[in-house]
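Colleague: For reference, the structure I am asking about is given below.
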Amino acid sequence: MVYQLIGSSMLNSEVGVILPTYGEAENISKLIDDIENLKLDASILVIDDSSPDRTAEIVQEKQNQYPNIMLYVRPKKTGLGTAITDGFKIFLSSPKPPKYVFTMDADYSHNPQDLPQLLATMRECDCGIVIGSRYVKGGRIAGWPFTRKIISKTANLIARASLGLKLKDCTSGYRCYSTKFLKEAIGNLHSQTYEIQIETVRQAVLRNFNVKETPILFVNRKRGKSKLSWTEIKSYLSYTLKAVWRS
Ligand SMILES: Nc1nc2c(ncn2[C@@H]2O[C@H](COP(=O)(O)OP(=O)(O)OP(=O)(O)O)[C@@H](O)[C@H]2O)c(=O)[nH]1
Ligand SMILES: [Mg+2]
């Protein structure tokens with residue numbers, strides 16, 4: 001299997017942004033432009049699972065335009081959880097790791113304009129994780145059908161009830177992590193898919209790192225297809241139930 005990091009990992013920025021992608025050719029170019037236009041001291045790392053559309057090729061074209069983009073290509077679709085942990089490992093192993101690492105979906109559900117607000121919250125609270133939350137006061141979801149809302153609410157309910165987490169939105173993938181926390185937790189992150197969001201929060205709580213929520217407006221994807229499948233839902237349920245059993 002060929003795993004390939006394209007672009008320099010010698011980047012030296014305060015912030016790293018991980019963008020996991022599978023079939024995001026219709027979104028990725030504009031998303032990169034929008035993040036670049038924020039003029040943060042940031043590096044972007046796209047983790048692409050050899051998308052069948054042109055996602056990786058488009059990212060390579062953007063690398064000619066911006067020097068601060070890395071692309072990690074994995075041979076096949078291997079899950080959101082491993083994409084995120086691979087991203088953490090790449091940033092942590094760089095000679096000068098960023099102080100803060102963001103994760104966000106590459107389908108425009110997460111508005112890049114919210115990045116500075118999450119970063120400001122992180123700088124203020126010195127937390128392990130700041131979560132862009134749909135379920136705190138001021139947070140909202142636009143455009144999701146009823147069934148999708150139920151899936152999300154139920155996933156949050158299970159995580160809160162079974163793991164004793166007090167957060168309102170434990171499943172949001174729009175986050176800012178402190179590198180201090182990631183260095184401690186990385187050896188204990190083993191999630192394959194969406195349960196990574198719970199595993200990271202659980203690790204933060206176990207290690208006495210604070211986790212804070214800040215409101216975001218989440219918008220249903222307008223272009224490209226959802227990757228949430230029954231396999232992912234089963235994997236999530238299996239993780240949360242096993243975690244309860246272990247605790
Ligand atoms: N590299 C990689 N990225 C993935 C994988 N699964 C999902 N993604 C990306 O992770 C992000 C979240 O996936 P989505 O399909 O939007 O899942 P979702 O937001 O739960 O579902 P929708 O709300 O229906 O869009 C997107 O940027 C996807 O392209 C995967 O197996 N590998
Ligand atoms: Mg999405």
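Chain identifiers are assigned as A, B, and so on, following the order in which chains appear in the structure tokens; residues are numbered from 1 within each chain, and ligands are numbered from 1 in order of appearance.
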How would you write, as a PyMOL selection string, the set of residues in region 101-211 of chain A that DSSP gives as strand (DSSP E or B)?
Modeller: chain A and resi 101-103+129-133+140-142+175-178+211
Colleague: Find the residues around Arg140 (chain A) up to 10 Å (only C-alpha atoms counted), leave out those fewer than 3 positions away in its own chain, and share them as an mmCIF file with C-alpha atoms, in the first residue's frame.
Modeller:
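Written out: result_34.cif:
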data_model
loop_
_atom_site.group_PDB
_atom_site.id
_atom_site.type_symbol
_atom_site.label_atom_id
_atom_site.label_comp_id
_atom_site.auth_asym_id
_atom_site.auth_seq_id
_atom_site.Cartn_x
_atom_site.Cartn_y
_atom_site.Cartn_z
ATOM 1 C CA SER A 133 -21.290 23.227 18.997
ATOM 2 C CA ARG A 134 -24.695 23.019 17.332
ATOM 3 C CA TYR A 135 -26.550 22.435 20.572
ATOM 4 C CA VAL A 136 -25.426 25.233 22.901
ATOM 5 C CA LYS A 137 -27.266 28.579 23.028
ATOM 6 C CA PRO A 215 -21.799 27.997 19.119
ATOM 7 C CA ILE A 216 -21.703 27.391 15.356
ATOM 8 C CA LEU A 217 -24.251 27.328 12.573
ATOM 9 C CA PHE A 218 -24.005 23.903 10.913
ATOM 10 C CA VAL A 219 -25.268 23.806 7.327
#
Colleague: Excluding region 232-240 of chain A and any residue of its chain fewer than 2 positions from it, enumerate the residues within 9 Å of it, using only C-alpha atoms, and give them as a ChimeraX atom specification.
Modeller: /A:79,155,158-159,162-163,191-196,198-199,227-230,242-245
Colleague: Residues of chain A within 6 Å of ligand 1: nearest atom pair and distance (Å, one decimal) for each, counting only C-alpha atoms and all ligand atoms, sorted by chain and number, as CSV?
Modeller:
residue,atom,partner,partner_atom_place_in_ligand_line,distance
A:Pro20,CA,ligand 1,3 (N),4.1
A:Thr21,CA,ligand 1,29 (O),3.6
A:Tyr22,CA,ligand 1,29 (O),4.0
A:Gly23,CA,ligand 1,29 (O),5.9
A:Glu24,CA,ligand 1,29 (O),5.6
A:Ile47,CA,ligand 1,1 (N),5.0
A:Asp48,CA,ligand 1,1 (N),4.4
A:Asp49,CA,ligand 1,1 (N),4.6
A:Lys77,CA,ligand 1,31 (O),4.6
A:Thr78,CA,ligand 1,31 (O),4.7
A:Gly79,CA,ligand 1,31 (O),3.1
A:Leu80,CA,ligand 1,5 (C),4.2
A:Ala83,CA,ligand 1,1 (N),5.1
A:Asp105,CA,ligand 1,27 (O),3.8
A:Ala106,CA,ligand 1,27 (O),3.6
A:Asp107,CA,ligand 1,27 (O),5.2
A:Asn220,CA,ligand 1,23 (O),5.8
A:Arg221,CA,ligand 1,25 (O),5.4
A:Ser226,CA,ligand 1,15 (O),3.5
A:Lys227,CA,ligand 1,15 (O),3.5
A:Leu228,CA,ligand 1,21 (O),5.1
Colleague: Near Ile186 (chain A), counting only C-alpha atoms, which residues have an atom at most 12 Å away, once you skip same-chain residues fewer than 5 positions from it, shown as an MDAnalysis selection string?
Modeller: chainID A and resid 82 84:93 177:181 191 196 199:200 203:204
Colleague: Next, write the just-selected residues to a file, as a PDB file, in the first residue's frame, keeping N, CA and C atoms as the atom set.
Modeller:
ATOM      1  N   THR A  82      -9.428   7.303  11.404  1.00  0.00           N
ATOM      2  CA  THR A  82      -8.006   7.108  11.095  1.00  0.00           C
ATOM      3  C   THR A  82      -7.467   8.288  10.289  1.00  0.00           C
ATOM      4  N   ILE A  84      -8.293  11.425  10.707  1.00  0.00           N
ATOM      5  CA  ILE A  84      -8.004  12.478  11.687  1.00  0.00           C
ATOM      6  C   ILE A  84      -6.753  12.138  12.509  1.00  0.00           C
ATOM      7  N   THR A  85      -6.643  10.879  12.970  1.00  0.00           N
ATOM      8  CA  THR A  85      -5.445  10.544  13.783  1.00  0.00           C
ATOM      9  C   THR A  85      -4.179  10.569  12.929  1.00  0.00           C
ATOM     10  N   ASP A  86      -4.283  10.166  11.660  1.00  0.00           N
ATOM     11  CA  ASP A  86      -3.106  10.297  10.784  1.00  0.00           C
ATOM     12  C   ASP A  86      -2.712  11.778  10.673  1.00  0.00           C
ATOM     13  N   GLY A  87      -3.716  12.641  10.561  1.00  0.00           N
ATOM     14  CA  GLY A  87      -3.441  14.081  10.498  1.00  0.00           C
ATOM     15  C   GLY A  87      -2.740  14.576  11.759  1.00  0.00           C
ATOM     16  N   PHE A  88      -3.257  14.153  12.924  1.00  0.00           N
ATOM     17  CA  PHE A  88      -2.612  14.536  14.198  1.00  0.00           C
ATOM     18  C   PHE A  88      -1.145  14.100  14.182  1.00  0.00           C
ATOM     19  N   LYS A  89      -0.909  12.832  13.770  1.00  0.00           N
ATOM     20  CA  LYS A  89       0.460  12.288  13.813  1.00  0.00           C
ATOM     21  C   LYS A  89       1.388  13.073  12.895  1.00  0.00           C
ATOM     22  N   ILE A  90       0.896  13.448  11.734  1.00  0.00           N
ATOM     23  CA  ILE A  90       1.744  14.205  10.792  1.00  0.00           C
ATOM     24  C   ILE A  90       2.115  15.553  11.411  1.00  0.00           C
ATOM     25  N   PHE A  91       1.140  16.253  11.969  1.00  0.00           N
ATOM     26  CA  PHE A  91       1.462  17.553  12.590  1.00  0.00           C
ATOM     27  C   PHE A  91       2.397  17.370  13.794  1.00  0.00           C
ATOM     28  N   LEU A  92       2.111  16.352  14.626  1.00  0.00           N
ATOM     29  CA  LEU A  92       2.939  16.158  15.828  1.00  0.00           C
ATOM     30  C   LEU A  92       4.372  15.775  15.489  1.00  0.00           C
ATOM     31  N   SER A  93       4.553  15.108  14.346  1.00  0.00           N
ATOM     32  CA  SER A  93       5.913  14.657  14.020  1.00  0.00           C
ATOM     33  C   SER A  93       6.691  15.694  13.205  1.00  0.00           C
ATOM     34  N   TYR A 177      -7.993  21.653  18.756  1.00  0.00           N
ATOM     35  CA  TYR A 177      -7.281  20.871  19.775  1.00  0.00           C
ATOM     36  C   TYR A 177      -5.993  21.589  20.151  1.00  0.00           C
ATOM     37  N   SER A 178      -5.623  21.505  21.429  1.00  0.00           N
ATOM     38  CA  SER A 178      -4.293  22.002  21.786  1.00  0.00           C
ATOM     39  C   SER A 178      -3.300  20.867  21.540  1.00  0.00           C
ATOM     40  N   THR A 179      -2.133  21.218  21.042  1.00  0.00           N
ATOM     41  CA  THR A 179      -1.103  20.211  20.765  1.00  0.00           C
ATOM     42  C   THR A 179      -0.648  19.546  22.065  1.00  0.00           C
ATOM     43  N   LYS A 180      -0.687  20.327  23.145  1.00  0.00           N
ATOM     44  CA  LYS A 180      -0.332  19.776  24.452  1.00  0.00           C
ATOM     45  C   LYS A 180      -1.202  18.544  24.762  1.00  0.00           C
ATOM     46  N   PHE A 181      -2.501  18.673  24.527  1.00  0.00           N
ATOM     47  CA  PHE A 181      -3.412  17.550  24.748  1.00  0.00           C
ATOM     48  C   PHE A 181      -3.136  16.415  23.750  1.00  0.00           C
ATOM     49  N   SER A 191      -9.765   5.006  16.979  1.00  0.00           N
ATOM     50  CA  SER A 191     -11.052   4.939  16.273  1.00  0.00           C
ATOM     51  C   SER A 191     -10.893   4.800  14.773  1.00  0.00           C
ATOM     52  N   ILE A 196     -14.343   8.692  16.657  1.00  0.00           N
ATOM     53  CA  ILE A 196     -13.158   9.484  17.038  1.00  0.00           C
ATOM     54  C   ILE A 196     -13.571  10.727  17.842  1.00  0.00           C
ATOM     55  N   GLU A 199     -14.020   9.515  21.357  1.00  0.00           N
ATOM     56  CA  GLU A 199     -12.767   9.031  21.941  1.00  0.00           C
ATOM     57  C   GLU A 199     -11.859  10.195  22.358  1.00  0.00           C
ATOM     58  N   THR A 200     -11.800  11.237  21.540  1.00  0.00           N
ATOM     59  CA  THR A 200     -10.947  12.384  21.878  1.00  0.00           C
ATOM     60  C   THR A 200     -11.484  13.110  23.123  1.00  0.00           C
ATOM     61  N   GLN A 203     -10.714  11.033  26.161  1.00  0.00           N
ATOM     62  CA  GLN A 203      -9.299  11.135  26.542  1.00  0.00           C
ATOM     63  C   GLN A 203      -9.013  12.464  27.247  1.00  0.00           C
ATOM     64  N   ALA A 204      -9.655  13.535  26.770  1.00  0.00           N
ATOM     65  CA  ALA A 204      -9.445  14.848  27.397  1.00  0.00           C
ATOM     66  C   ALA A 204      -9.947  14.828  28.832  1.00  0.00           C
TER      67      ALA A 204
END
Colleague: Please provide as a ChimeraX atom specification all residues within 12 Å of Leu71 (chain A), with the sequence filter that same-chain residues fewer than 3 positions apart are discarded (counting only C-alpha atoms).
Modeller: /A:3-9,17-21,43-50,55-63,67-68,74,83,86-87,90
Colleague: Under the rule that only C-alpha atoms and all ligand atoms are counted, which of A:Met104, A:Val201, A:Leu189, A:Met10 is the nearest residue to ligand 2?
Modeller: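 Of the candidates, the smallest distance to ligand 2 is held by A:Met104.
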